[in-house]
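I have placed the structure first, in the form of structure tokens, so that the comments after it can refer back to it.
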Amino acid sequence: MTAPNQHDRERGASLAIASPAADAAAPEAVVRWVAERAGPVAAARGEAAAALMDKLKLGTECVAAAHLIALPDDSETEQAVQAQFGADIAALFSGVHRMNSLRGLSRPVKTPGTNAAQNSAATASTAGEQAQQTEALRKMLLAMVDDIRVVLLKLAERLVSLRAVALSPEARRNESAQAEAREVMDIFAPLANRLGVWQLKWELEDLSLRLLEPTKYHAIAHYLDETRIEREAYIDTTKALLRDALGQAGIPTEVTGRSKHIYSIYEKMQRKHLAVEELYDIRAVRVIVPELKDCYTALGIVHSMFQPIPGEFDDYIAKPKANNYRSLHTSVIGPQGKALEVQIRTQEMHQSSEFGVAAHWNYKEGGNAARDAGFASKIAGLRQVLSWGKDVSSPGELLAGFKSSLFDETIFVLTPQGKIIDLPRDATPIDFAYAVHTGLGHRCRGAKVDGAMVPLTTPLKSGQRVEITAAKEGGPSRDWLNPENGYLRSNRGRSKVRQWFNALDMQETLTSGRAAVEKDLQRHGQTALNLDRLAHEAGFKSPDELYVAVGRAEINHRELDLAIRKAAGLLGETTTEGAAAREAREVHTARSRAKAGGGGILVVGVDKLMTGLAKCCKPVPPDPIVGFVTRLKGITIHRADCANVLRMQSDEPNRIITADWGEAAQSDLFSVQIEVIAHDRQGLLRDVSDVLAREKINVTAVNTMTRDFVAKMKFTAEVRSMDQLRVALTQVTQVKGVQNARRV
């Protein structure tokens, strides 16, 4: 079975080589083709990128596509590439150039006609917002490609471009070179770090630093006082010494290492505010052992071989870092008297650091591992594909790994200003509008995607630029909440629409409740009542809460009436125990049996003339009375000691006439007002009412008011004579708590 399979593979390989596309993709053929179309410089840049892809062992297709990176980005060239090299290589080529459409998004947009200070104030965001935008751009670059090799090709293209700029003194002084270096430092070097492509990462960072901070770069390079090759040779020598010593101790060991590159030294100097002379980890090796106990055994051997540097030992095994990074770190004086950092860990710790939830780059870049755990785990998977590529037997298996979807549930789209917005997969323009601003979502009426009008139900894709057409005012439609209509796909969008309609319903409820409360206040004659006090008396924190409760019928009409009277100072009790007394203290009215007219009153010298009792003094038999001749209402009967009568006797004595109670009047009922002042207590109103009832006095109305535990009660009662009233008032003063009882 083995021989036929081997024969079939060899036969398939020979057929592939014999195909026109394979012949055209041969390195020499590609170089000639590029040189013919774009010149020798483009061919040379392509060869350099192809060498990087070959070093990463990414396959012949990727190497062939790397040769083409310097070709122009236009449809004619893409068609020519596809015709010459086939669809697969053409897809890699077009993918690299498609990423060019996002170049410059990480830099602030300059506004024409403004100076630098104005432009900075208008367009620069906070450092945190800028960092979020840069991170979104990195993710967007990864989301826009179906094949991760496109990103690797893009990294190679950026590195080749930086090499050319760094070697040209004229180009180094160019402003565009500075912008390119900043873009590489912000976007592409972190991508290389996350993908674990260390060969590209360190050179991208070093060349960018050389363009952005040439003085500091050369200062560090001068201090190292040796070439990179010499430093790597030092590491190789140290590795051999450690491997032999640990092998003699019977510890199976894997020793790796490399010299620390210039940008890493610069970054640590900036982070720790140290001079380059104070750093002890410019050179570093990593020792990987089988078991945990071997870590500390290896540490002892290292310290016996080389002198430890005081204060430069960290045990991240006993006390792991926040991202769960575990390892032993020690700095020693190594061979030739040079400082050397040694990291010791188990294979499990190494795998966790390298491939587990991308802990290494989260730590290095200050990321949030908890927030981006899903994204980080997929990055770790891609790093495993890159690491295992040389060991995968089937090219198809490797290609499937490269083409695995990194962002299954997320897309990244652009605002007209170039800001990146992340949305759930198949999100619509309305979802985009709500992600930008809630108000924009409410007023969304149309959308343009890449300049073309589209329906609001159109699913968006990564890399598209979306512009929202909004009304000046208005709100969302209830149809947006229907899943079958397809207007909304994001939880944020649906939540904001629901909040809008809930607020709208709440406003209607509040309006109806306010109208009901105002109507009751008018009925009680308390339109000037303090609404905050009314809400408090009703058990609510604010008038709006009271309005909503009334609008929802959570508080009934009777409870609202009691709250109004209490807030107006018409009720005294505030406890539950006083509920019966509060109900009793409501203003009670009954039909009066007293005569309103003055029937039975004798007026000297006058017969059958309309008479009436004065409201100012309310005379009652046997009060001495006099009559006052009015101009339109006949004769008004006053008490003889009435203040108004005394004044009129001096002003108009001729209008005062003699009057007396007749026999009929002696048997009539007359209305009087009684005022009782007492210390407020439960049952007070009931006790006073009982006294008046025993004296056969009919009470037709009662009103009470309590302030500072003092109750003032006013009764309107019907009496037959002053003697009956006098006896009743005497009995009332004997009621517990009553301080005074008098006729008003």
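Residues are named by chain letter and number: chains run A, B, ... in the order of the structure tokens, numbers start at 1 in each chain, and ligands are numbered from 1 in the order shown.
All residues within stretch 679-720 of chain A that the backbone DSSP calculation assigns to helix (DSSP H, G or I) are A:Leu684, A:Leu685, A:Arg686, A:Asp687, A:Val688, A:Ser689, A:Asp690, A:Val691, A:Leu692, A:Ala693, A:Arg694.
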So which residues touch stretch 62-68 of chain A within 9 Å, counting only C-alpha atoms, skipping near sequence neighbours fewer than 2 positions away, as a PyMOL selection string?
-> chain A and resi 25-27+30-31+34+42-54+57-60+70-71+81+85+89-90+92-93+149-150+153-154+156-157
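Atom pair atom CA of A:Trp198 / atom CA of A:Ala245: separated by 28.4 Å.
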Might you pull out every residue within 7 Å of stretch 479-484 of chain A, with only C-alpha atoms counted and same-chain residues fewer than 3 positions away left off, and present them as a count of residues only?
-> 3
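Among the candidates A:Val96, A:Val165, A:Met648, A:Ala181, the one nearest to A:Ile148 when counting only C-alpha atoms is A:Val96.
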Spatial neighbours of A:Asn556, 12 Å, only C-alpha atoms, chain gap at least 3 places, as a PyMOL selection string | chain A and resi 513+516-517+520+538+546-547+549-553+559-563
Would you export the selected residues with N, CA and C atoms as a compact mmCIF listing (two decimals), in the first residue's frame, please?
# COMPACT_ATOMS: atom_id res chain seq x y z
N GLY A 513 -50.86 60.86 33.69
CA GLY A 513 -50.84 60.94 35.15
C GLY A 513 -50.77 62.37 35.64
N ALA A 516 -54.19 63.97 35.44
CA ALA A 516 -55.10 63.51 36.50
C ALA A 516 -54.79 64.19 37.82
N VAL A 517 -53.50 64.35 38.14
CA VAL A 517 -53.12 65.00 39.39
C VAL A 517 -53.52 66.47 39.38
N ASP A 520 -57.21 66.86 40.08
CA ASP A 520 -57.55 66.71 41.49
C ASP A 520 -57.12 67.92 42.30
N ALA A 538 -47.26 61.07 49.20
CA ALA A 538 -47.85 59.90 48.54
C ALA A 538 -46.91 58.71 48.51
N LEU A 546 -44.76 60.06 40.86
CA LEU A 546 -46.18 60.11 41.24
C LEU A 546 -47.05 60.12 40.00
N TYR A 547 -46.67 60.92 38.99
CA TYR A 547 -47.47 60.98 37.76
C TYR A 547 -47.54 59.61 37.08
N ALA A 549 -47.19 56.66 38.48
CA ALA A 549 -48.00 55.76 39.28
C ALA A 549 -49.49 56.02 39.08
N VAL A 550 -49.86 57.30 39.00
CA VAL A 550 -51.28 57.64 38.75
C VAL A 550 -51.67 57.21 37.35
N GLY A 551 -50.77 57.45 36.36
CA GLY A 551 -51.07 57.06 34.99
C GLY A 551 -51.24 55.56 34.83
N ARG A 552 -50.51 54.77 35.64
CA ARG A 552 -50.61 53.31 35.58
C ARG A 552 -51.66 52.77 36.54
N ALA A 553 -52.36 53.65 37.22
CA ALA A 553 -53.40 53.27 38.19
C ALA A 553 -52.81 52.49 39.36
N GLU A 559 -56.47 57.46 47.62
CA GLU A 559 -55.12 57.68 48.15
C GLU A 559 -54.55 59.01 47.67
N LEU A 560 -54.85 59.39 46.45
CA LEU A 560 -54.37 60.68 45.94
C LEU A 560 -55.03 61.83 46.69
N ASP A 561 -56.34 61.72 46.95
CA ASP A 561 -57.04 62.77 47.71
C ASP A 561 -56.43 62.95 49.10
N LEU A 562 -56.15 61.83 49.77
CA LEU A 562 -55.56 61.91 51.11
C LEU A 562 -54.18 62.57 51.05
N ALA A 563 -53.39 62.23 50.02
CA ALA A 563 -52.07 62.82 49.90
C ALA A 563 -52.15 64.32 49.67
Name all residues at most 10 Å from A:Asp544 (count only C-alpha atoms; drop same-chain ones fewer than 5 positions away) and give them as a ChimeraX atom specification.
-> /A:507,510-511,513-514,531-532,535,549-550
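Atom CA of A:Gly95 is positioned 27.5 Å from atom CA of A:Thr457.
With distances taken over only C-alpha atoms, A:Val197 is the one residue among A:Leu162, A:Ala470, A:Val197, A:Ile69 lying closest to A:Lys55.
Our summary of the geometry notes that atom CA of A:Ile235 is positioned 22.3 Å from atom CA of A:Met349.
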Looking only at strand (DSSP E or B) from DSSP on the backbone, list the matching residues of stretch 389-563 of chain A as a ChimeraX atom specification.
-> /A:410-414,420-424,444-449,452-454,465-470
